[in-house]
Amino acid sequence: MSTPEGGRSLVVDEQLASRLARGFLRWQLTRPSWIVLMTATALIVILSVFLTATGSEGAAWVGIAMVVILCGAVIASWIAVRSSILRAYPVGFVATATLTAEGMRATSALGTSDIRYTAFRRVDAAGDALLLKVGSPLGPVAVMPRALLSDADITHLRSTTSR
């Protein structure tokens with residue numbers, strides 16, 4: 001749906017938070033830090049299996065503990081992101097986004113944000129989620145519905161980022 005200013009709007013449905021959280025998680029798990037963490041966990045599990053097979057008592061628990069901790073971190077991340085998304089986009093709310101000459105204007109239940117193009121560091125899409133990294137390279141990631149921007153708008157936003 002289009003807005004009078006030329007942007008897009010979206011009426012939030014019951015499944016949006018889960019879809020956006022799933023997109024964020026897919027994006028997060030492909031970041032280098034998570035890949036290193038998953039690789040390290042796999043190596044520890046292999047080592048603990050080897051040590052258990054060679055008669056070392058208790059080595060299996062190290063691998064099991066690492067897998068449980070990693071799974072717990074992924075689940076906790078999904079819950080936290082989904083909760084944040086539900087606060088920003090409650091069911092029935094009409095979210096909007098518009099690109100302007102200076103940046104992007106987006107509305108959520110938390111208010112209206114005007115973000116200058118120079119603030120964007122990275123723009124990624126994963127599933128129904130649009131992930132906007134703002135501020136420093138280690139800065140926060142904003143998650144918004146991808147449907148709020150056209151493919152041309154996303155391409156324009158990506159072209160303005162200072163990767």
# chains A, B, ... in the order shown; residues from 1 in each chain; ligands from 1

call {"tool": "residues_around", "arguments": {"residues": "Ala60 (chain A)", "least_positions_apart": "3", "cutoff": "10 Å", "atoms": "only C-alpha atoms", "output": "list in words"}}
result
Ile44, Val45, Ile46, Leu47, Ser48, Val49, Phe50, Leu51, Thr52, Ala53, Ser56, Glu57, Gly63, Ile64 and Ala65 of chain A

call {"tool": "write_last_selection", "arguments": {"atoms": "all heavy atoms", "output": "short mmCIF file (atom, residue, chain, number, x, y, z; two decimals), in the first residue's frame"}}
result
data_model
loop_
_atom_site.label_atom_id
_atom_site.label_comp_id
_atom_site.auth_asym_id
_atom_site.auth_seq_id
_atom_site.Cartn_x
_atom_site.Cartn_y
_atom_site.Cartn_z
N ILE A 44 35.31 -28.26 19.07
CA ILE A 44 35.29 -28.74 20.45
C ILE A 44 34.47 -30.03 20.56
O ILE A 44 34.86 -30.97 21.27
CB ILE A 44 34.75 -27.65 21.40
CG1 ILE A 44 35.79 -26.52 21.50
CG2 ILE A 44 34.42 -28.21 22.78
CD1 ILE A 44 35.31 -25.28 22.20
N VAL A 45 33.36 -30.11 19.82
CA VAL A 45 32.55 -31.33 19.83
C VAL A 45 33.36 -32.48 19.23
O VAL A 45 33.37 -33.59 19.80
CB VAL A 45 31.23 -31.11 19.06
CG1 VAL A 45 30.53 -32.44 18.79
CG2 VAL A 45 30.32 -30.17 19.83
N ILE A 46 34.05 -32.25 18.13
CA ILE A 46 34.89 -33.30 17.52
C ILE A 46 35.97 -33.74 18.49
O ILE A 46 36.22 -34.94 18.67
CB ILE A 46 35.49 -32.80 16.19
CG1 ILE A 46 34.38 -32.66 15.15
CG2 ILE A 46 36.59 -33.73 15.69
CD1 ILE A 46 34.79 -31.90 13.90
N LEU A 47 36.62 -32.79 19.14
CA LEU A 47 37.67 -33.11 20.12
C LEU A 47 37.10 -33.90 21.29
O LEU A 47 37.71 -34.88 21.73
CB LEU A 47 38.35 -31.83 20.62
CG LEU A 47 39.47 -32.02 21.63
CD1 LEU A 47 40.61 -32.84 21.03
CD2 LEU A 47 39.98 -30.68 22.12
N SER A 48 35.93 -33.51 21.79
CA SER A 48 35.36 -34.23 22.93
C SER A 48 34.95 -35.65 22.53
O SER A 48 35.09 -36.59 23.32
CB SER A 48 34.18 -33.47 23.53
OG SER A 48 33.09 -33.44 22.65
N VAL A 49 34.46 -35.84 21.29
CA VAL A 49 34.13 -37.19 20.81
C VAL A 49 35.40 -38.03 20.72
O VAL A 49 35.43 -39.18 21.16
CB VAL A 49 33.39 -37.13 19.44
CG1 VAL A 49 33.32 -38.50 18.79
CG2 VAL A 49 32.00 -36.53 19.62
N PHE A 50 36.45 -37.45 20.17
CA PHE A 50 37.73 -38.15 20.06
C PHE A 50 38.26 -38.54 21.44
O PHE A 50 38.68 -39.68 21.66
CB PHE A 50 38.75 -37.28 19.32
CG PHE A 50 40.13 -37.87 19.30
CD1 PHE A 50 40.43 -38.96 18.48
CD2 PHE A 50 41.12 -37.37 20.13
CE1 PHE A 50 41.70 -39.51 18.47
CE2 PHE A 50 42.39 -37.91 20.13
CZ PHE A 50 42.69 -38.99 19.30
N LEU A 51 38.23 -37.58 22.38
CA LEU A 51 38.74 -37.86 23.73
C LEU A 51 37.90 -38.92 24.44
O LEU A 51 38.43 -39.76 25.15
CB LEU A 51 38.81 -36.58 24.56
CG LEU A 51 39.88 -35.57 24.11
CD1 LEU A 51 39.76 -34.28 24.91
CD2 LEU A 51 41.28 -36.18 24.26
N THR A 52 36.59 -38.87 24.22
CA THR A 52 35.71 -39.88 24.83
C THR A 52 36.00 -41.26 24.24
O THR A 52 36.05 -42.26 24.96
CB THR A 52 34.23 -39.50 24.61
OG1 THR A 52 33.99 -38.22 25.21
CG2 THR A 52 33.30 -40.52 25.23
N ALA A 53 36.22 -41.30 22.91
CA ALA A 53 36.52 -42.57 22.24
C ALA A 53 37.85 -43.16 22.70
O ALA A 53 38.03 -44.37 22.68
CB ALA A 53 36.52 -42.38 20.73
N SER A 56 38.91 -40.97 27.70
CA SER A 56 38.91 -39.84 28.63
C SER A 56 37.51 -39.67 29.21
O SER A 56 36.54 -39.50 28.49
CB SER A 56 39.34 -38.57 27.91
OG SER A 56 39.31 -37.48 28.80
N GLU A 57 37.44 -39.71 30.53
CA GLU A 57 36.13 -39.58 31.18
C GLU A 57 35.74 -38.11 31.28
O GLU A 57 36.54 -37.24 31.57
CB GLU A 57 36.19 -40.19 32.58
CG GLU A 57 36.36 -41.69 32.55
CD GLU A 57 36.32 -42.28 33.96
OE1 GLU A 57 35.67 -41.69 34.82
OE2 GLU A 57 36.94 -43.32 34.15
N GLY A 63 31.66 -31.06 25.03
CA GLY A 63 31.00 -30.89 23.73
C GLY A 63 29.52 -30.65 23.87
O GLY A 63 28.95 -29.77 23.22
N ILE A 64 28.88 -31.43 24.75
CA ILE A 64 27.44 -31.26 24.98
C ILE A 64 27.16 -29.88 25.54
O ILE A 64 26.22 -29.20 25.10
CB ILE A 64 26.91 -32.37 25.92
CG1 ILE A 64 26.98 -33.73 25.20
CG2 ILE A 64 25.49 -32.07 26.38
CD1 ILE A 64 26.73 -34.92 26.10
N ALA A 65 27.97 -29.44 26.49
CA ALA A 65 27.78 -28.12 27.09
C ALA A 65 27.92 -27.01 26.05
O ALA A 65 27.13 -26.05 26.03
CB ALA A 65 28.77 -27.90 28.23
#

call {"tool": "select_by_dssp", "arguments": {"residues": "region 6-161 of chain A", "states": "helix (DSSP H, G or I)", "output": "ChimeraX atom specification"}}
result
/A:16-28,32-53,59-88,117-119,146-148,151-160

call {"tool": "write_last_selection", "arguments": {"atoms": "C-alpha atoms", "output": "PDB file, in the first residue's frame"}}
result
ATOM      1  CA  LEU A  16       5.182 -10.331  11.096  1.00  0.00           C
ATOM      2  CA  ALA A  17       7.267 -10.449  14.288  1.00  0.00           C
ATOM      3  CA  SER A  18       8.143 -14.120  13.760  1.00  0.00           C
ATOM      4  CA  ARG A  19       9.000 -13.558  10.089  1.00  0.00           C
ATOM      5  CA  LEU A  20      11.221 -10.560  10.868  1.00  0.00           C
ATOM      6  CA  ALA A  21      12.914 -12.354  13.782  1.00  0.00           C
ATOM      7  CA  ARG A  22      13.566 -15.355  11.514  1.00  0.00           C
ATOM      8  CA  GLY A  23      15.090 -13.048   8.887  1.00  0.00           C
ATOM      9  CA  PHE A  24      17.258 -11.350  11.511  1.00  0.00           C
ATOM     10  CA  LEU A  25      18.432 -14.697  12.874  1.00  0.00           C
ATOM     11  CA  ARG A  26      19.282 -15.946   9.377  1.00  0.00           C
ATOM     12  CA  TRP A  27      21.290 -12.747   8.828  1.00  0.00           C
ATOM     13  CA  GLN A  28      22.963 -12.897  12.261  1.00  0.00           C
ATOM     14  CA  PRO A  32      31.702 -13.753  10.668  1.00  0.00           C
ATOM     15  CA  SER A  33      31.588 -13.751  14.485  1.00  0.00           C
ATOM     16  CA  TRP A  34      28.826 -16.382  14.529  1.00  0.00           C
ATOM     17  CA  ILE A  35      30.554 -18.475  11.893  1.00  0.00           C
ATOM     18  CA  VAL A  36      33.726 -18.477  14.021  1.00  0.00           C
ATOM     19  CA  LEU A  37      31.680 -19.402  17.109  1.00  0.00           C
ATOM     20  CA  MET A  38      29.919 -22.273  15.320  1.00  0.00           C
ATOM     21  CA  THR A  39      33.221 -23.521  13.875  1.00  0.00           C
ATOM     22  CA  ALA A  40      34.871 -23.432  17.305  1.00  0.00           C
ATOM     23  CA  THR A  41      31.907 -25.318  18.778  1.00  0.00           C
ATOM     24  CA  ALA A  42      32.155 -27.971  16.047  1.00  0.00           C
ATOM     25  CA  LEU A  43      35.871 -28.397  16.697  1.00  0.00           C
ATOM     26  CA  ILE A  44      35.286 -28.745  20.455  1.00  0.00           C
ATOM     27  CA  VAL A  45      32.552 -31.325  19.829  1.00  0.00           C
ATOM     28  CA  ILE A  46      34.889 -33.298  17.522  1.00  0.00           C
ATOM     29  CA  LEU A  47      37.668 -33.107  20.119  1.00  0.00           C
ATOM     30  CA  SER A  48      35.358 -34.234  22.925  1.00  0.00           C
ATOM     31  CA  VAL A  49      34.125 -37.188  20.812  1.00  0.00           C
ATOM     32  CA  PHE A  50      37.730 -38.153  20.062  1.00  0.00           C
ATOM     33  CA  LEU A  51      38.743 -37.865  23.726  1.00  0.00           C
ATOM     34  CA  THR A  52      35.712 -39.880  24.830  1.00  0.00           C
ATOM     35  CA  ALA A  53      36.515 -42.571  22.245  1.00  0.00           C
ATOM     36  CA  ALA A  59      35.174 -35.165  27.812  1.00  0.00           C
ATOM     37  CA  ALA A  60      31.764 -35.692  26.210  1.00  0.00           C
ATOM     38  CA  TRP A  61      30.202 -33.200  28.615  1.00  0.00           C
ATOM     39  CA  VAL A  62      32.358 -30.388  27.252  1.00  0.00           C
ATOM     40  CA  GLY A  63      31.001 -30.886  23.730  1.00  0.00           C
ATOM     41  CA  ILE A  64      27.439 -31.265  24.981  1.00  0.00           C
ATOM     42  CA  ALA A  65      27.779 -28.117  27.094  1.00  0.00           C
ATOM     43  CA  MET A  66      29.081 -26.108  24.111  1.00  0.00           C
ATOM     44  CA  VAL A  67      26.174 -27.220  21.907  1.00  0.00           C
ATOM     45  CA  VAL A  68      23.650 -26.394  24.648  1.00  0.00           C
ATOM     46  CA  ILE A  69      25.220 -22.953  25.220  1.00  0.00           C
ATOM     47  CA  LEU A  70      25.260 -22.166  21.498  1.00  0.00           C
ATOM     48  CA  CYS A  71      21.631 -23.279  21.071  1.00  0.00           C
ATOM     49  CA  GLY A  72      20.654 -21.259  24.121  1.00  0.00           C
ATOM     50  CA  ALA A  73      22.305 -18.154  22.683  1.00  0.00           C
ATOM     51  CA  VAL A  74      20.462 -18.573  19.378  1.00  0.00           C
ATOM     52  CA  ILE A  75      17.104 -19.089  21.120  1.00  0.00           C
ATOM     53  CA  ALA A  76      17.694 -16.129  23.465  1.00  0.00           C
ATOM     54  CA  SER A  77      18.599 -13.937  20.495  1.00  0.00           C
ATOM     55  CA  TRP A  78      15.440 -14.938  18.627  1.00  0.00           C
ATOM     56  CA  ILE A  79      13.249 -14.262  21.679  1.00  0.00           C
ATOM     57  CA  ALA A  80      14.860 -10.854  22.338  1.00  0.00           C
ATOM     58  CA  VAL A  81      14.583  -9.739  18.707  1.00  0.00           C
ATOM     59  CA  ARG A  82      10.998 -10.978  18.367  1.00  0.00           C
ATOM     60  CA  SER A  83      10.045  -9.144  21.565  1.00  0.00           C
ATOM     61  CA  SER A  84      11.622  -5.909  20.293  1.00  0.00           C
ATOM     62  CA  ILE A  85       9.840  -6.271  16.968  1.00  0.00           C
ATOM     63  CA  LEU A  86       6.493  -6.825  18.719  1.00  0.00           C
ATOM     64  CA  ARG A  87       6.990  -3.556  20.635  1.00  0.00           C
ATOM     65  CA  ALA A  88       7.831  -1.654  17.459  1.00  0.00           C
ATOM     66  CA  TYR A 117      21.706   8.461   4.452  1.00  0.00           C
ATOM     67  CA  THR A 118      25.135   9.133   5.979  1.00  0.00           C
ATOM     68  CA  ALA A 119      24.101   7.207   9.119  1.00  0.00           C
ATOM     69  CA  ARG A 146      11.164  -5.310   3.772  1.00  0.00           C
ATOM     70  CA  ALA A 147       7.740  -4.691   2.224  1.00  0.00           C
ATOM     71  CA  LEU A 148       7.940  -1.050   3.369  1.00  0.00           C
ATOM     72  CA  ASP A 151      13.421  -3.001  -4.589  1.00  0.00           C
ATOM     73  CA  ALA A 152      14.479   0.303  -6.200  1.00  0.00           C
ATOM     74  CA  ASP A 153      14.383   2.021  -2.788  1.00  0.00           C
ATOM     75  CA  ILE A 154      16.513  -0.731  -1.237  1.00  0.00           C
ATOM     76  CA  THR A 155      19.003  -0.470  -4.106  1.00  0.00           C
ATOM     77  CA  HIS A 156      19.153   3.311  -3.614  1.00  0.00           C
ATOM     78  CA  LEU A 157      19.628   2.895   0.139  1.00  0.00           C
ATOM     79  CA  ARG A 158      22.449   0.393  -0.433  1.00  0.00           C
ATOM     80  CA  SER A 159      24.150   2.770  -2.869  1.00  0.00           C
ATOM     81  CA  THR A 160      24.283   5.485  -0.210  1.00  0.00           C
TER      82      THR A 160
END

call {"tool": "closest_residue", "arguments": {"among": "A:Arg31, A:Gly103, A:Met144, A:Arg116", "to": "Ala129 (chain A)", "atoms": "only C-alpha atoms"}}
result
A:Met144

call {"tool": "select_by_dssp", "arguments": {"residues": "chain A", "states": "strand (DSSP E)", "output": "NGL selection string"}}
result
:A and (8-11 or 94-99 or 103-108 or 111-116 or 120-126 or 129-134 or 141-145)

call {"tool": "atom_distance", "arguments": {"atom1": "CA of Val91 (chain A)", "atom2": "CA of Gly111 (chain A)"}}
result
15.6 Å

call {"tool": "residues_around", "arguments": {"residues": "Leu138 (chain A)", "least_positions_apart": "2", "cutoff": "12 Å", "atoms": "only C-alpha atoms", "output": "list in words"}}
result
Ser33, Arg121, Arg122, Lys133, Val134, Gly135, Ser136, Pro140, Val141 and Arg163 of chain A

call {"tool": "atom_distance", "arguments": {"atom1": "CA of Gly127 (chain A)", "atom2": "CA of Glu102 (chain A)"}}
result
26.9 Å

call {"tool": "atom_distance", "arguments": {"atom1": "CA of Thr161 (chain A)", "atom2": "CA of Leu131 (chain A)"}}
result
12.6 Å

call {"tool": "residues_around", "arguments": {"residues": "Val12 (chain A)", "least_positions_apart": "5", "cutoff": "7 Å", "atoms": "only C-alpha atoms", "output": "list of chain:residue names"}}
result
A:Tyr89, A:Pro90, A:Val91, A:Gly92, A:Phe93, A:Val94

call {"tool": "residues_around", "arguments": {"residues": "Met104 (chain A)", "least_positions_apart": "5", "cutoff": "6 Å", "atoms": "only C-alpha atoms", "output": "PDB file with all heavy atoms, in the first residue's frame"}}
result
ATOM      1  N   THR A  98       9.375   5.968   3.950  1.00  0.00           N
ATOM      2  CA  THR A  98       9.510   6.801   2.760  1.00  0.00           C
ATOM      3  C   THR A  98      10.959   7.235   2.639  1.00  0.00           C
ATOM      4  O   THR A  98      11.572   7.617   3.643  1.00  0.00           O
ATOM      5  CB  THR A  98       8.625   8.074   2.880  1.00  0.00           C
ATOM      6  OG1 THR A  98       7.294   7.690   3.117  1.00  0.00           O
ATOM      7  CG2 THR A  98       8.701   8.905   1.620  1.00  0.00           C
ATOM      8  N   LEU A  99      11.511   7.187   1.443  1.00  0.00           N
ATOM      9  CA  LEU A  99      12.825   7.764   1.211  1.00  0.00           C
ATOM     10  C   LEU A  99      12.628   9.216   0.811  1.00  0.00           C
ATOM     11  O   LEU A  99      11.757   9.532  -0.001  1.00  0.00           O
ATOM     12  CB  LEU A  99      13.577   7.015   0.112  1.00  0.00           C
ATOM     13  CG  LEU A  99      13.971   5.574   0.413  1.00  0.00           C
ATOM     14  CD1 LEU A  99      14.870   5.030  -0.689  1.00  0.00           C
ATOM     15  CD2 LEU A  99      14.655   5.428   1.750  1.00  0.00           C
ATOM     16  N   ASP A 114      13.718   9.795  11.501  1.00  0.00           N
ATOM     17  CA  ASP A 114      14.306  10.380  10.302  1.00  0.00           C
ATOM     18  C   ASP A 114      15.787  10.050  10.356  1.00  0.00           C
ATOM     19  O   ASP A 114      16.498  10.541  11.226  1.00  0.00           O
ATOM     20  CB  ASP A 114      14.102  11.891  10.273  1.00  0.00           C
ATOM     21  CG  ASP A 114      12.669  12.261   9.950  1.00  0.00           C
ATOM     22  OD1 ASP A 114      12.153  11.774   8.923  1.00  0.00           O
ATOM     23  OD2 ASP A 114      12.056  13.029  10.725  1.00  0.00           O
ATOM     24  N   ILE A 115      16.240   9.203   9.436  1.00  0.00           N
ATOM     25  CA  ILE A 115      17.627   8.746   9.451  1.00  0.00           C
ATOM     26  C   ILE A 115      18.307   9.238   8.178  1.00  0.00           C
ATOM     27  O   ILE A 115      17.870   8.912   7.076  1.00  0.00           O
ATOM     28  CB  ILE A 115      17.709   7.205   9.530  1.00  0.00           C
ATOM     29  CG1 ILE A 115      16.867   6.676  10.696  1.00  0.00           C
ATOM     30  CG2 ILE A 115      19.154   6.751   9.657  1.00  0.00           C
ATOM     31  CD1 ILE A 115      16.652   5.184  10.683  1.00  0.00           C
TER      32      ILE A 115
END

call {"tool": "closest_residue", "arguments": {"among": "A:Thr96, A:Ser150, A:Gln15, A:Thr54", "to": "Ala125 (chain A)", "atoms": "only C-alpha atoms"}}
result
A:Ser150

call {"tool": "decode", "arguments": {"residues": "region 120-135 of chain A", "atoms": "N, CA and C atoms", "output": "CSV table (one decimal), in the first residue's frame"}}
result
chain,number,residue,atom,x,y,z
A,120,PHE,N,23.7,5.3,7.6
A,120,PHE,CA,23.6,3.9,7.3
A,120,PHE,C,25.0,3.4,7.0
A,121,ARG,N,25.4,2.2,7.6
A,121,ARG,CA,26.6,1.6,7.3
A,121,ARG,C,26.5,0.4,6.4
A,122,ARG,N,25.3,-0.3,6.5
A,122,ARG,CA,25.1,-1.5,5.7
A,122,ARG,C,23.5,-1.7,5.7
A,123,VAL,N,23.1,-2.2,4.5
A,123,VAL,CA,21.7,-2.5,4.3
A,123,VAL,C,21.6,-3.9,3.7
A,124,ASP,N,21.0,-4.8,4.5
A,124,ASP,CA,20.8,-6.2,4.0
A,124,ASP,C,19.4,-6.6,4.1
A,125,ALA,N,19.0,-7.6,3.3
A,125,ALA,CA,17.7,-8.1,3.4
A,125,ALA,C,17.8,-9.6,3.6
A,126,ALA,N,17.0,-10.1,4.5
A,126,ALA,CA,16.9,-11.6,4.7
A,126,ALA,C,15.4,-12.0,4.9
A,127,GLY,N,14.9,-12.7,3.9
A,127,GLY,CA,13.5,-13.0,4.0
A,127,GLY,C,12.7,-11.8,4.0
A,128,ASP,N,11.7,-11.6,4.9
A,128,ASP,CA,10.9,-10.5,5.0
A,128,ASP,C,11.5,-9.3,5.8
A,129,ALA,N,12.7,-9.5,6.3
A,129,ALA,CA,13.3,-8.5,7.1
A,129,ALA,C,14.3,-7.6,6.3
A,130,LEU,N,14.3,-6.3,6.6
A,130,LEU,CA,15.3,-5.4,6.0
A,130,LEU,C,16.1,-5.0,7.3
A,131,LEU,N,17.4,-5.2,7.2
A,131,LEU,CA,18.3,-5.0,8.3
A,131,LEU,C,19.2,-3.8,8.0
A,132,LEU,N,19.1,-2.8,8.8
A,132,LEU,CA,19.8,-1.5,8.6
A,132,LEU,C,20.8,-1.3,9.7
A,133,LYS,N,22.0,-1.4,9.3
A,133,LYS,CA,23.1,-1.1,10.3
A,133,LYS,C,23.4,0.4,10.3
A,134,VAL,N,23.3,1.0,11.5
A,134,VAL,CA,23.5,2.4,11.6
A,134,VAL,C,24.6,2.7,12.5
A,135,GLY,N,25.2,3.9,12.4
A,135,GLY,CA,26.2,4.4,13.3
A,135,GLY,C,27.6,3.7,13.0
